[in-house]
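Dropping structure.tsv in here (TSV, C-alpha atoms and all ligand atoms):
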```tsv
chain	number	residue	atom	x	y	z
W	1	MET	CA	0.00	0.00	0.00
W	2	ASP	CA	1.29	3.45	-0.93
W	3	ILE	CA	0.70	5.65	2.12
W	4	GLN	CA	0.60	8.73	-0.15
W	5	GLN	CA	-2.50	7.45	-1.90
W	6	SER	CA	-6.02	8.31	-0.79
W	7	PRO	CA	-8.15	5.44	0.59
W	8	GLU	CA	-10.15	5.43	-2.66
W	9	GLU	CA	-6.98	5.14	-4.73
W	10	VAL	CA	-5.71	2.32	-2.54
W	11	ALA	CA	-9.06	0.50	-2.85
W	12	ARG	CA	-8.89	0.80	-6.63
W	13	THR	CA	-5.22	0.02	-7.22
W	14	GLU	CA	-4.13	-2.47	-4.55
W	15	SER	CA	-4.34	-6.05	-5.79
W	16	LEU	CA	-6.62	-8.60	-4.14
W	17	GLU	CA	-3.56	-10.54	-2.91
W	18	GLN	CA	-2.09	-7.40	-1.33
W	19	LYS	CA	-5.43	-6.59	0.29
W	20	LYS	CA	-5.66	-10.11	1.71
W	21	LYS	CA	-2.17	-9.84	3.20
W	22	ARG	CA	-2.84	-6.40	4.65
W	23	MET	CA	-6.13	-7.65	6.10
W	24	ARG	CA	-4.38	-10.57	7.79
W	25	ARG	CA	-1.90	-8.18	9.44
W	26	ILE	CA	-4.74	-5.89	10.54
W	27	LEU	CA	-6.73	-8.80	11.99
W	28	GLN	CA	-3.72	-9.95	13.97
W	29	LYS	CA	-3.29	-6.51	15.52
W	30	LEU	CA	-6.98	-6.02	16.24
W	31	LYS	CA	-7.29	-9.45	17.86
W	32	LYS	CA	-4.49	-8.46	20.23
W	33	ALA	CA	-6.06	-5.06	20.92
W	34	TYR	CA	-9.59	-6.41	21.51
W	35	PRO	CA	-9.23	-9.96	22.85
W	36	ASP	CA	-12.79	-9.95	24.24
W	37	ALA	CA	-14.57	-8.58	21.17
W	38	LYS	CA	-17.98	-10.19	20.85
W	39	ILE	CA	-21.60	-9.40	20.06
W	40	ALA	CA	-23.08	-6.81	22.41
W	41	LEU	CA	-26.71	-7.97	22.10
W	42	ARG	CA	-27.90	-10.23	24.92
W	43	TYR	CA	-29.74	-13.43	23.99
W	44	ARG	CA	-30.11	-17.03	25.12
W	45	ASN	CA	-31.28	-18.77	21.94
W	46	PRO	CA	-31.69	-18.16	18.17
W	47	LEU	CA	-35.20	-16.73	18.59
W	48	GLU	CA	-34.03	-14.13	21.12
W	49	LEU	CA	-31.10	-13.22	18.89
W	50	LEU	CA	-33.40	-12.83	15.90
W	51	ILE	CA	-35.78	-10.57	17.85
W	52	ALA	CA	-32.91	-8.53	19.35
W	53	THR	CA	-31.35	-8.06	15.91
W	54	ILE	CA	-34.65	-6.91	14.38
W	55	LEU	CA	-34.97	-4.41	17.25
W	56	SER	CA	-31.39	-3.17	16.79
W	57	ALA	CA	-32.15	-1.49	13.44
W	58	GLN	CA	-31.57	2.25	13.97
W	59	CYS	CA	-31.04	1.68	17.69
W	60	THR	CA	-28.07	1.14	20.01
W	61	ASP	CA	-27.34	-2.33	21.36
W	62	GLU	CA	-27.48	-0.95	24.92
W	63	ARG	CA	-31.04	0.24	24.45
W	64	VAL	CA	-32.06	-3.03	22.83
W	65	ASN	CA	-30.61	-4.92	25.81
W	66	GLN	CA	-32.62	-2.75	28.22
W	67	VAL	CA	-35.81	-3.47	26.29
W	68	THR	CA	-35.21	-7.21	25.84
W	69	GLU	CA	-34.59	-7.70	29.55
W	70	THR	CA	-38.35	-7.35	30.06
W	71	LEU	CA	-39.45	-8.52	26.63
W	72	PHE	CA	-37.70	-11.91	26.86
W	73	GLU	CA	-39.31	-12.59	30.22
W	74	LYS	CA	-42.80	-11.84	28.90
W	75	TYR	CA	-42.54	-13.72	25.59
W	76	ARG	CA	-40.62	-16.99	25.41
W	77	THR	CA	-41.67	-18.67	22.15
W	78	ALA	CA	-42.44	-17.72	18.55
W	79	GLN	CA	-46.07	-18.55	19.35
W	80	ASP	CA	-46.00	-16.04	22.25
W	81	TYR	CA	-44.90	-13.24	19.92
W	82	ALA	CA	-47.26	-14.27	17.11
W	83	THR	CA	-50.29	-14.17	19.41
W	84	ALA	CA	-49.22	-11.20	21.55
W	85	ASN	CA	-51.43	-8.16	21.86
W	86	ARG	CA	-49.97	-5.77	19.24
W	87	GLU	CA	-50.34	-2.66	21.40
W	88	GLU	CA	-48.65	-4.28	24.38
W	89	LEU	CA	-45.78	-5.42	22.19
W	90	GLU	CA	-45.47	-1.94	20.68
W	91	GLN	CA	-45.33	-0.37	24.11
W	92	LEU	CA	-42.59	-2.73	25.26
W	93	ILE	CA	-40.37	-2.11	22.25
W	94	TYR	CA	-41.20	1.60	21.92
W	95	PRO	CA	-37.74	2.83	23.15
W	96	THR	CA	-36.02	1.12	20.20
W	97	GLY	CA	-37.75	3.39	17.66
W	98	TYR	CA	-39.83	2.42	14.59
W	99	TYR	CA	-41.83	0.41	17.09
W	100	ARG	CA	-44.93	-0.02	14.91
W	101	ALA	CA	-43.02	-1.48	11.97
W	102	LYS	CA	-40.82	-3.58	14.25
W	103	ALA	CA	-43.80	-5.01	16.17
W	104	LYS	CA	-45.54	-5.88	12.90
W	105	ASN	CA	-42.40	-7.55	11.51
W	106	ILE	CA	-41.78	-9.49	14.71
W	107	GLN	CA	-45.34	-10.83	14.77
W	108	GLN	CA	-45.41	-11.73	11.08
W	109	CYS	CA	-41.95	-13.27	11.30
W	110	CYS	CA	-42.89	-15.35	14.35
W	111	GLN	CA	-46.15	-16.44	12.70
W	112	GLN	CA	-44.10	-17.82	9.81
W	113	LEU	CA	-41.73	-19.54	12.24
W	114	VAL	CA	-44.76	-21.26	13.78
W	115	ASP	CA	-46.41	-22.11	10.44
W	116	ARG	CA	-43.33	-23.28	8.56
W	117	TYR	CA	-40.64	-24.27	11.04
W	118	GLY	CA	-42.45	-25.53	14.14
W	119	GLY	CA	-41.55	-22.35	16.02
W	120	GLU	CA	-37.78	-22.83	15.48
W	121	VAL	CA	-35.46	-20.39	13.74
W	122	PRO	CA	-34.13	-21.98	10.53
W	123	LEU	CA	-30.36	-21.62	10.36
W	124	SER	CA	-29.91	-20.97	6.65
W	125	MET	CA	-29.60	-17.74	4.73
W	126	GLU	CA	-32.14	-18.84	2.15
W	127	ALA	CA	-34.84	-19.48	4.77
W	128	LEU	CA	-34.02	-16.54	7.04
W	129	VAL	CA	-34.23	-13.83	4.37
W	130	GLN	CA	-37.73	-15.06	3.43
W	131	LEU	CA	-38.98	-14.07	6.88
W	132	PRO	CA	-40.71	-10.67	7.22
W	133	GLY	CA	-38.36	-7.99	8.58
W	134	VAL	CA	-35.28	-10.18	8.14
W	135	GLY	CA	-32.68	-8.92	5.69
W	136	ARG	CA	-29.25	-10.23	4.86
W	137	LYS	CA	-27.62	-8.33	7.73
W	138	THR	CA	-29.97	-9.78	10.37
W	139	ALA	CA	-29.57	-13.26	8.87
W	140	ASN	CA	-25.78	-12.87	8.92
W	141	VAL	CA	-25.86	-11.95	12.62
W	142	VAL	CA	-27.92	-15.02	13.55
W	143	LEU	CA	-25.95	-17.42	11.33
W	144	GLY	CA	-22.62	-16.01	12.50
W	145	GLU	CA	-23.42	-16.43	16.19
W	146	TYR	CA	-24.64	-19.97	15.62
W	147	GLY	CA	-21.53	-21.09	13.77
W	148	LYS	CA	-22.93	-21.05	10.23
W	149	PRO	CA	-21.75	-17.76	8.72
W	150	GLU	CA	-22.69	-17.30	5.08
W	151	GLY	CA	-21.51	-13.71	4.88
W	152	ILE	CA	-20.10	-10.78	6.83
W	153	VAL	CA	-22.16	-8.38	8.91
W	154	VAL	CA	-21.59	-4.86	7.58
W	155	ASP	CA	-22.88	-2.29	10.03
W	156	THR	CA	-22.12	1.42	10.16
W	157	HIS	CA	-18.74	0.92	11.92
W	158	VAL	CA	-17.60	-1.78	9.50
W	159	ALA	CA	-18.67	0.26	6.45
W	160	ARG	CA	-16.87	3.38	7.70
W	161	ILE	CA	-13.63	1.70	8.74
W	162	VAL	CA	-13.13	-0.45	5.64
W	163	GLN	CA	-13.55	2.67	3.52
W	164	ARG	CA	-11.00	4.55	5.63
W	165	LEU	CA	-8.65	1.57	5.37
W	166	GLY	CA	-8.91	1.64	1.59
W	167	PHE	CA	-10.37	-1.83	1.18
W	168	VAL	CA	-13.50	-0.67	-0.61
W	169	ALA	CA	-14.49	2.48	-2.48
W	170	THR	CA	-18.26	2.21	-2.18
W	171	LYS	CA	-20.90	2.99	0.43
W	172	ASN	CA	-23.20	0.24	-0.83
W	173	ARG	CA	-23.39	-2.28	2.04
W	174	GLU	CA	-24.08	-5.29	-0.17
W	175	LYS	CA	-21.11	-4.49	-2.41
W	176	ILE	CA	-18.93	-3.92	0.66
W	177	GLU	CA	-19.95	-7.32	2.01
W	178	ARG	CA	-19.24	-9.08	-1.28
W	179	GLU	CA	-15.79	-7.47	-1.54
W	180	LEU	CA	-14.95	-8.23	2.10
W	181	MET	CA	-15.88	-11.89	1.61
W	182	GLU	CA	-13.01	-12.03	-0.90
W	183	ILE	CA	-10.53	-10.25	1.37
W	184	VAL	CA	-11.27	-11.54	4.91
W	185	PRO	CA	-10.37	-15.20	5.64
W	186	ARG	CA	-13.60	-17.18	6.02
W	187	LYS	CA	-12.67	-18.41	9.50
W	188	ASP	CA	-12.56	-14.74	10.61
W	189	TRP	CA	-15.86	-13.54	9.10
W	190	VAL	CA	-17.63	-13.35	12.46
W	191	ILE	CA	-14.82	-11.99	14.65
W	192	PHE	CA	-13.96	-9.46	11.92
W	193	THR	CA	-17.24	-7.61	12.50
W	194	HIS	CA	-16.88	-7.69	16.29
W	195	LEU	CA	-13.31	-6.38	16.06
W	196	LEU	CA	-14.25	-3.52	13.75
W	197	ILE	CA	-17.22	-2.57	15.91
W	198	ALA	CA	-14.95	-2.50	18.99
W	199	HIS	CA	-12.42	-0.39	17.08
W	200	GLY	CA	-15.12	1.91	15.71
W	201	ARG	CA	-16.61	2.53	19.14
W	202	THR	CA	-13.32	3.28	20.88
W	203	VAL	CA	-10.71	4.55	18.39
W	204	CYS	CA	-11.87	4.89	14.79
W	205	THR	CA	-14.96	6.85	15.75
W	206	ALA	CA	-17.15	8.51	13.14
W	207	ARG	CA	-16.45	12.12	13.98
W	208	LYS	CA	-12.94	12.18	15.40
W	209	PRO	CA	-10.81	9.10	14.78
W	210	ARG	CA	-7.95	8.83	17.27
W	211	CYS	CA	-5.33	7.82	14.71
W	212	GLU	CA	-2.48	8.79	17.04
W	213	GLU	CA	-3.31	5.81	19.28
W	214	CYS	CA	-4.55	3.41	16.58
W	215	VAL	CA	-2.78	0.03	16.45
W	216	ILE	CA	-3.38	-0.29	12.69
W	217	ARG	CA	-2.42	3.20	11.59
W	218	SER	CA	0.64	1.93	9.67
W	219	GLU	CA	-1.82	-0.03	7.49
W	220	CYS	CA	-4.26	2.83	7.02
W	221	PRO	CA	-4.16	5.29	4.11
W	222	SER	CA	-6.48	7.70	6.00
W	223	ALA	CA	-4.05	8.14	8.91
W	224	PRO	CA	-1.83	10.83	7.30
W	225	LEU	CA	-4.83	13.00	6.48
W	226	PHE	CA	-6.48	12.72	9.92
W	227	LEU	CA	-3.15	13.15	11.72
W	228	SER	CA	-2.33	16.28	9.71
W	229	GLN	CA	-5.60	17.77	10.93
W	230	LEU	CA	-4.32	17.39	14.50
W	231	GLN	CA	-1.22	19.52	13.84
W	232	PRO	CA	-1.55	23.17	14.86
W	233	ARG	CA	-1.96	25.09	11.64
W	234	THR	CA	0.59	27.74	10.79
W	235	LYS	CA	-0.05	30.59	8.39
W	236	GLY	CA	-0.08	29.38	4.82
W	237	SER	CA	0.04	25.69	5.79
W	238	SER	CA	-2.27	23.25	4.12
W	239	THR	CA	-3.79	19.94	5.26
W	240	LYS	CA	-4.22	18.86	1.64
W	241	ARG	CA	-2.76	15.50	0.76
W	242	SER	CA	0.31	15.77	-1.46
W	243	LYS	CA	-0.05	13.74	-4.62
R	301	LIG	S1	-5.51	5.17	11.49
R	301	LIG	FE1	-7.26	6.48	12.00
R	301	LIG	S2	-8.68	6.29	10.27
R	301	LIG	FE2	-7.20	4.60	10.13
R	301	LIG	S3	-8.21	2.90	11.19
R	301	LIG	FE3	-6.93	3.95	12.69
R	301	LIG	S4	-8.28	5.44	13.69
R	301	LIG	FE4	-9.28	4.76	11.79
```

Encoding of this model in structure tokens:
Amino acid sequence: MDIQQSPEEVARTESLEQKKKRMRRILQKLKKAYPDAKIALRYRNPLELLIATILSAQCTDERVNQVTETLFEKYRTAQDYATANREELEQLIYPTGYYRAKAKNIQQCCQQLVDRYGGEVPLSMEALVQLPGVGRKTANVVLGEYGKPEGIVVDTHVARIVQRLGFVATKNREKIERELMEIVPRKDWVIFTHLLIAHGRTVCTARKPRCEECVIRSECPSAPLFLSQLQPRTKGSSTKRSK
């Protein structure tokens, strides 16, 4: 990787083999930095994870965990959700936002689990994405946690950091996922997301990345630009990247 290139240039010009090697080095460093990285949502079985993941759309994991503490005590099975009083369910999940749509999706999804899968959550991408309110990202979360990953979860932290690192030059989440599946070793698909989320929450934050203390800054084409913004500006100085 040429450190003088912008992340977009790196994403376009670095070969797949070089990207794979750089990714392996990055993973090694992140694993050391975040040895306990794991999913933040609390759940005890695939159904609870599915519900928690549906609720996590446009909501923090902390808030979802607060809501599910009560929710998971009240409703235990897919049948419980399918036959729940809609208004009661809406009230319980209200703090997670979009509560009407989420309640409707949860009930329709659970009805299908009852009708088609005996109340169990099917652990295949093909079946999961057929369920109401379940997209590829939600399916990836469930499959990843239950040892059957078929893709990589690309959330806001993952999307932001892989662009900054010059692995992809697109904001399209599906394209990002497809490209990452080529670059990240399959055995690391699940931990990769947890590591990037941990890094995104603590160091590579959206507004003010702390590149000066980042363990992967030597692998990151965005570091020179962000670090130059930290320098006190003198008259006539420029933060523009030199070509
Ligand atoms: S060097 Fe900066 S931009 Fe690059 S990954 Fe680290 S914190 Fe993020």

Problem set entry | Separation of CA of Leu128 (chain W) from CA of Pro149 (chain W) in Å |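 These two atoms are separated by 12.4 Å.
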
Exercise. Can you tell me, as a ChimeraX atom specification, which residues sit within 6 Å of (-33.3, 5.6, 15.6) in the file's frame, using all atoms listed in the file?
Worked result: /W:58-59,97

Write to file, as an mmCIF file, keeping the file's coordinate frame, the residues of the selection just made, with C-alpha atoms.
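The file below, part_34.cif, is the result:
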```
data_model
loop_
_atom_site.group_PDB
_atom_site.id
_atom_site.type_symbol
_atom_site.label_atom_id
_atom_site.label_comp_id
_atom_site.auth_asym_id
_atom_site.auth_seq_id
_atom_site.Cartn_x
_atom_site.Cartn_y
_atom_site.Cartn_z
ATOM 1 C CA GLN W 58 -31.570 2.250 13.970
ATOM 2 C CA CYS W 59 -31.040 1.680 17.690
ATOM 3 C CA GLY W 97 -37.750 3.390 17.660
#
```

For this session: Counting all atoms listed in the file, name the residues that have an atom within 9 Å of an atom of ligand LIG 301 (chain R); the answer should be given as number ranges by chain.
Result: W: 160-162, 164-165, 199-200, 203-206, 208-227

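Point (-3.8, -9.5, 7.6) has the following residues at most 12 Å away: Glu17, Gln18, Lys19, Lys20, Lys21, Arg22, Met23, Arg24, Arg25, Ile26, Leu27, Gln28, Lys29, Leu30, Lys31, Phe167, Ile183, Val184, Pro185, Asp188, Phe192, Ile216 and Glu219 of chain W (atoms considered: only C-alpha atoms).
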
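Using only C-alpha atoms, the smallest distance between any of W:Ala82, W:Met1, W:Ile54, W:Val10 and Gln163 (chain W) comes from W:Val10.
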
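The residue that comes closest to Ile39 (chain W), out of W:Val67, W:Leu55, W:Ala127, W:Val141 and on the basis of all atoms listed in the file, is W:Val141.
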
With 6 Å added on each side, what axis-aligned box encloses every listed atom of region 57-62 of chain W? Give the centre and edge lengths in Å to one decimal, as lines of an AutoDock Vina configuration file.
```
center_x = -29.7
center_y = 0.0
center_z = 19.2
size_x = 16.8
size_y = 16.6
size_z = 23.5
```

Exercise. Quick one: of W:Gln107, W:Asn65, W:Thr70, W:Thr60, who's nearest to Asn85 (chain W), counting only C-alpha atoms?
Worked result: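 The closest residue to Asn85 (chain W) is W:Gln107.
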
Exercise. Nearest to His194 (chain W) among W:Arg12, W:Arg178, W:Arg136, W:Lys38, with distances taken over all atoms listed in the file: which residue is it?
Worked result: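 Using all atoms listed in the file, the shortest distance to His194 (chain W) belongs to W:Lys38.
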
For this session: Identify, on the basis of only C-alpha atoms, every residue whose closest approach to Cys109 (chain W) does not exceed 10 Å; exclude the query and any residue fewer than 3 positions from it along the same chain; express the result as a PyMOL selection string.
Result: chain W and resi 50-51+78+81-82+103-106+112-115+121+128+130-134

Problem set entry | CA of Ala33 (chain W) to CA of Ala57 (chain W), straight-line distance in Å | 27.4 Å
